[in-house]
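Right, one structure below, let's go through it.
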Amino acid sequence: MSEAPSARRSSGELEAQVLVALWAAEHPLTPQDVQAALGTGLARTTVATILARLHEKGTVERTRAGRAYAYVPTVQDPAGLAARRMRTELERGSDRSTVLARFVSDLSDEDERMLRDLLGDRAGGTSGSPGAPGAPGAPGSRVPVDTPASDAPDGSAGAPRTTGATGTDRSAPGGGPR
């Protein structure tokens, strides 16, 4: 009788392991180098496929190293990878303003403050910065969001509403959740 099949890896698990190996390296790695660094018994062709997919996503760069390629990560760490993924999703949307407004409206109060602090630092902390008191989008202010027809409860297209940092619909009676 055959053994039970091994549990399937979660999506992105191998890519994450390959990136960890690349981050730990002090020089570009070939698929064979990555395979040795992982020590997991993966076939070299599997490692090469993972690296090719990471290259297609822009997560690694490659240069010729003999007959193979040598790879280096284009992001420094897991936080950089998460930021790249967020930026990629933003760029997929046709209406960046709505995507950003929805993202911000779903942030916790703490994350919203942190984002405003980061944006204030980037803008030099001027009074016209997004986090300035009274400025549109300042903590406690309302963020207008157009609701597409598919999201609007009454089916109206583009019905304006306002949301806070916790995702509460502040224009609904009683300020209920969206």
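Just remember, in the structure tokens the first chain shown is A, the second B, etc., residues are 1-based per chain, and ligands are 1-based in the order shown.
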
query: Where does DSSP see strand (DSSP E or B) in segment 7-88 of chain A, if you list the residues as a list of chain:residue names?
result: A:Leu29, A:Val60, A:Glu61, A:Arg62, A:Thr63, A:Arg64, A:Ala65, A:Ala68, A:Tyr69, A:Ala70, A:Tyr71, A:Val72, A:Pro73

- Item | Shell of 12 Å around Leu38 of chain A, only C-alpha atoms, local chain residues under 6 positions omitted, as a PyMOL selection string | chain A and resi 14-22+24-25+29+31-32+44+47

### Which of segment 27-92 of chain A fall in helix (DSSP H, G or I), as an MDAnalysis selection string
chainID A and resid 31:38 44:56 78:92

- Shell of 12 Å around Thr74 of chain A, only C-alpha atoms, local chain residues under 5 positions omitted, as a VMD selection string: chain A and resid 19 22 to 23 28 54 to 62 80 to 81 84

**Message:** Here is a test: counting only C-alpha atoms, which residue of A:Ala101, A:Leu115, A:Val34, A:Ala83 is nearest to Leu51 of chain A?
**Reply:**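 That would be A:Val34, the residue with the smallest distance to Leu51 of chain A.
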
Exercise. In Å, how far is it from atom CA of Glu91 of chain A to atom CA of Phe103 of chain A?
Worked result: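 Distance reported for this atom pair: 13.3 Å.
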